[in-house]
Amino acid sequence: MTKNLNIGFLGLGLIGGSIARAIKSAFPDTRIQVYTRRKNPDLEQGVKDGILSGLVYDIDSEISSCDIIFLCAPVLKNIEFLHLLKPLIHENCIITDVGSVKGNIHRAARDLGLENQFIGGHPMAGSEKTGYANSSEALLENSYYLLTPTPQTPDTKLQLLLSLLKCTGSKCVIVAPEKHDDITAAISHVPHIIAATLVNMIKENDTPDGFMKAFAAGGFKDITRIASSSPEMWENICLSNKDSIDHFLELYIKNLEDFRNLLREEKNEDLRNTFLDARTYRDSIPDNLSDKFTNNFADKKPV
């Protein structure tokens, strides 16, 4: 039953705002309360628009009445929220998050005895733009939404969350937390680091008259777009998933060293094959969501 739910959001930016908008559009009777640390004109506008039911500035009884709580702050802050919510929530409340690191928050949920109520979540969508003002009810359409339930997650709670998330237009897939963190390190976290360090390399080595910056366009802007993302968020992600990130950075550095050697030794065919292999694999990435990862959600079977 997804009607007349009381839903709380702790922090509400691009992703959380997009989820809130999709829920309100699909289920107009849903009450959506948002915890925010300070006055926020964008969130106040959300209340005026009827998307948000109200803003709260303390984690207290207003939040404890929620049936589902989305943690939408930076990943380390979400763990702090778990500690604050523990004595407040009722036994049927579901707590989920939208962070791109799952191992640390799952360990916190286990240590706090919240495995019956916590279901990890990670919508695989986003933008270099941030904040509730840039959110959209269509942002998550045609994207994967990874879920990481615990061994103690009741099927009734998982099914309720799944039925609610259908309104986002995303495809939910269950993944083990540790596997999730390796996947996101490889396809999301390391690419963000590459984009940021590439931009900084240009900044630190630009010509005195700034020609590199002036002429940067096309390909450079395409591959560095994500460097415009929230610095606070990415600081949290790096510190939360450092082992997986370090592993894939090591692999990437080796690939760069191998390429550098091919260049120095002028191995024409090997250089060409490097670009050919990359193009072939890149072109094989599907444009649409795959049915390969259809899950037996009743058995909570991870891919």
# chains A, B, ... in the order shown; residues from 1 in each chain; ligands from 1

$ closest_atom_pairs --of "region 1-31 of chain A" --to "region 71-86 of chain A" --cutoff "6 Å" --atoms "only C-alpha atoms" --output "Markdown table"
| residue | atom | partner | partner_atom | distance |
| --- | --- | --- | --- | --- |
| A:Leu10 | CA | A:Leu71 | CA | 5.1 |
| A:Gly11 | CA | A:Cys72 | CA | 5.0 |
| A:Leu12 | CA | A:Cys72 | CA | 5.9 |
| A:Gly16 | CA | A:Cys72 | CA | 5.8 |

$ select_by_dssp --residues "region 26-92 of chain A" --states "alpha helix (DSSP H)" --output "list in words"
Ala26, Pro41, Asp42, Leu43, Glu44, Gln45, Gly46, Val47, Lys48, Ser61, Glu62, Ile63, Ser64, Val75, Leu76, Lys77, Asn78, Ile79, Glu80, Phe81, Leu82, His83, Leu84 and Leu85 of chain A

$ write_last_selection --atoms "N, CA and C atoms" --output "PDB file, in the first residue's frame"
ATOM      1  N   ALA A  26       2.885  10.908  -8.463  1.00  0.00           N
ATOM      2  CA  ALA A  26       2.185   9.628  -8.573  1.00  0.00           C
ATOM      3  C   ALA A  26       1.200   9.402  -7.436  1.00  0.00           C
ATOM      4  N   PRO A  41      15.360  28.922   0.570  1.00  0.00           N
ATOM      5  CA  PRO A  41      14.298  29.470  -0.288  1.00  0.00           C
ATOM      6  C   PRO A  41      13.757  28.458  -1.305  1.00  0.00           C
ATOM      7  N   ASP A  42      14.636  27.588  -1.822  1.00  0.00           N
ATOM      8  CA  ASP A  42      14.174  26.602  -2.803  1.00  0.00           C
ATOM      9  C   ASP A  42      13.214  25.607  -2.171  1.00  0.00           C
ATOM     10  N   LEU A  43      13.535  25.156  -0.960  1.00  0.00           N
ATOM     11  CA  LEU A  43      12.648  24.221  -0.270  1.00  0.00           C
ATOM     12  C   LEU A  43      11.350  24.911   0.153  1.00  0.00           C
ATOM     13  N   GLU A  44      11.461  26.148   0.563  1.00  0.00           N
ATOM     14  CA  GLU A  44      10.250  26.902   0.917  1.00  0.00           C
ATOM     15  C   GLU A  44       9.338  27.053  -0.299  1.00  0.00           C
ATOM     16  N   GLN A  45       9.943  27.201  -1.473  1.00  0.00           N
ATOM     17  CA  GLN A  45       9.159  27.259  -2.702  1.00  0.00           C
ATOM     18  C   GLN A  45       8.495  25.909  -2.971  1.00  0.00           C
ATOM     19  N   GLY A  46       9.207  24.827  -2.630  1.00  0.00           N
ATOM     20  CA  GLY A  46       8.630  23.494  -2.782  1.00  0.00           C
ATOM     21  C   GLY A  46       7.387  23.299  -1.936  1.00  0.00           C
ATOM     22  N   VAL A  47       7.370  23.902  -0.757  1.00  0.00           N
ATOM     23  CA  VAL A  47       6.172  23.864   0.087  1.00  0.00           C
ATOM     24  C   VAL A  47       5.048  24.663  -0.562  1.00  0.00           C
ATOM     25  N   LYS A  48       5.379  25.844  -1.067  1.00  0.00           N
ATOM     26  CA  LYS A  48       4.367  26.680  -1.718  1.00  0.00           C
ATOM     27  C   LYS A  48       3.791  25.993  -2.952  1.00  0.00           C
ATOM     28  N   SER A  61       9.952  14.367  16.842  1.00  0.00           N
ATOM     29  CA  SER A  61       8.722  13.606  16.648  1.00  0.00           C
ATOM     30  C   SER A  61       8.125  13.772  15.257  1.00  0.00           C
ATOM     31  N   GLU A  62       8.374  14.914  14.606  1.00  0.00           N
ATOM     32  CA  GLU A  62       7.849  15.107  13.254  1.00  0.00           C
ATOM     33  C   GLU A  62       8.422  14.059  12.301  1.00  0.00           C
ATOM     34  N   ILE A  63       9.702  13.776  12.455  1.00  0.00           N
ATOM     35  CA  ILE A  63      10.351  12.783  11.608  1.00  0.00           C
ATOM     36  C   ILE A  63      10.010  11.369  12.077  1.00  0.00           C
ATOM     37  N   SER A  64       9.870  11.180  13.376  1.00  0.00           N
ATOM     38  CA  SER A  64       9.659   9.834  13.910  1.00  0.00           C
ATOM     39  C   SER A  64       8.322   9.240  13.501  1.00  0.00           C
ATOM     40  N   VAL A  75      27.359  10.969   2.241  1.00  0.00           N
ATOM     41  CA  VAL A  75      27.317   9.615   2.778  1.00  0.00           C
ATOM     42  C   VAL A  75      27.729   9.523   4.245  1.00  0.00           C
ATOM     43  N   LEU A  76      28.707  10.292   4.685  1.00  0.00           N
ATOM     44  CA  LEU A  76      29.115  10.238   6.087  1.00  0.00           C
ATOM     45  C   LEU A  76      28.056  10.864   6.991  1.00  0.00           C
ATOM     46  N   LYS A  77      27.381  11.895   6.512  1.00  0.00           N
ATOM     47  CA  LYS A  77      26.309  12.517   7.286  1.00  0.00           C
ATOM     48  C   LYS A  77      25.137  11.568   7.443  1.00  0.00           C
ATOM     49  N   ASN A  78      24.872  10.759   6.429  1.00  0.00           N
ATOM     50  CA  ASN A  78      23.768   9.802   6.519  1.00  0.00           C
ATOM     51  C   ASN A  78      23.968   8.821   7.665  1.00  0.00           C
ATOM     52  N   ILE A  79      25.217   8.443   7.919  1.00  0.00           N
ATOM     53  CA  ILE A  79      25.500   7.544   9.033  1.00  0.00           C
ATOM     54  C   ILE A  79      25.207   8.236  10.362  1.00  0.00           C
ATOM     55  N   GLU A  80      25.534   9.504  10.463  1.00  0.00           N
ATOM     56  CA  GLU A  80      25.178  10.260  11.668  1.00  0.00           C
ATOM     57  C   GLU A  80      23.658  10.267  11.861  1.00  0.00           C
ATOM     58  N   PHE A  81      22.915  10.415  10.774  1.00  0.00           N
ATOM     59  CA  PHE A  81      21.461  10.423  10.868  1.00  0.00           C
ATOM     60  C   PHE A  81      20.930   9.101  11.415  1.00  0.00           C
ATOM     61  N   LEU A  82      21.550   7.987  11.021  1.00  0.00           N
ATOM     62  CA  LEU A  82      21.111   6.686  11.536  1.00  0.00           C
ATOM     63  C   LEU A  82      21.142   6.671  13.055  1.00  0.00           C
ATOM     64  N   HIS A  83      22.214   7.179  13.626  1.00  0.00           N
ATOM     65  CA  HIS A  83      22.349   7.219  15.086  1.00  0.00           C
ATOM     66  C   HIS A  83      21.241   8.074  15.709  1.00  0.00           C
ATOM     67  N   LEU A  84      20.916   9.195  15.077  1.00  0.00           N
ATOM     68  CA  LEU A  84      19.894  10.086  15.615  1.00  0.00           C
ATOM     69  C   LEU A  84      18.493   9.483  15.484  1.00  0.00           C
ATOM     70  N   LEU A  85      18.271   8.714  14.416  1.00  0.00           N
ATOM     71  CA  LEU A  85      16.948   8.155  14.163  1.00  0.00           C
ATOM     72  C   LEU A  85      16.654   6.926  15.007  1.00  0.00           C
TER      73      LEU A  85
END

$ atom_distance --atom1 "CA of Glu137 (chain A)" --atom2 "CA of Gly120 (chain A)"
20.9 Å

$ closest_atom_pairs --of "region 190-227 of chain A" --to "region 252-271 of chain A" --cutoff "12 Å" --atoms "only C-alpha atoms" --output "JSON lines"
{"residue": "A:Val190", "atom": "CA", "partner": "A:Tyr252", "partner_atom": "CA", "distance": 8.7}
{"residue": "A:Pro191", "atom": "CA", "partner": "A:Tyr252", "partner_atom": "CA", "distance": 10.0}
{"residue": "A:Ile193", "atom": "CA", "partner": "A:Tyr252", "partner_atom": "CA", "distance": 11.2}
{"residue": "A:Ile194", "atom": "CA", "partner": "A:Tyr252", "partner_atom": "CA", "distance": 9.6}
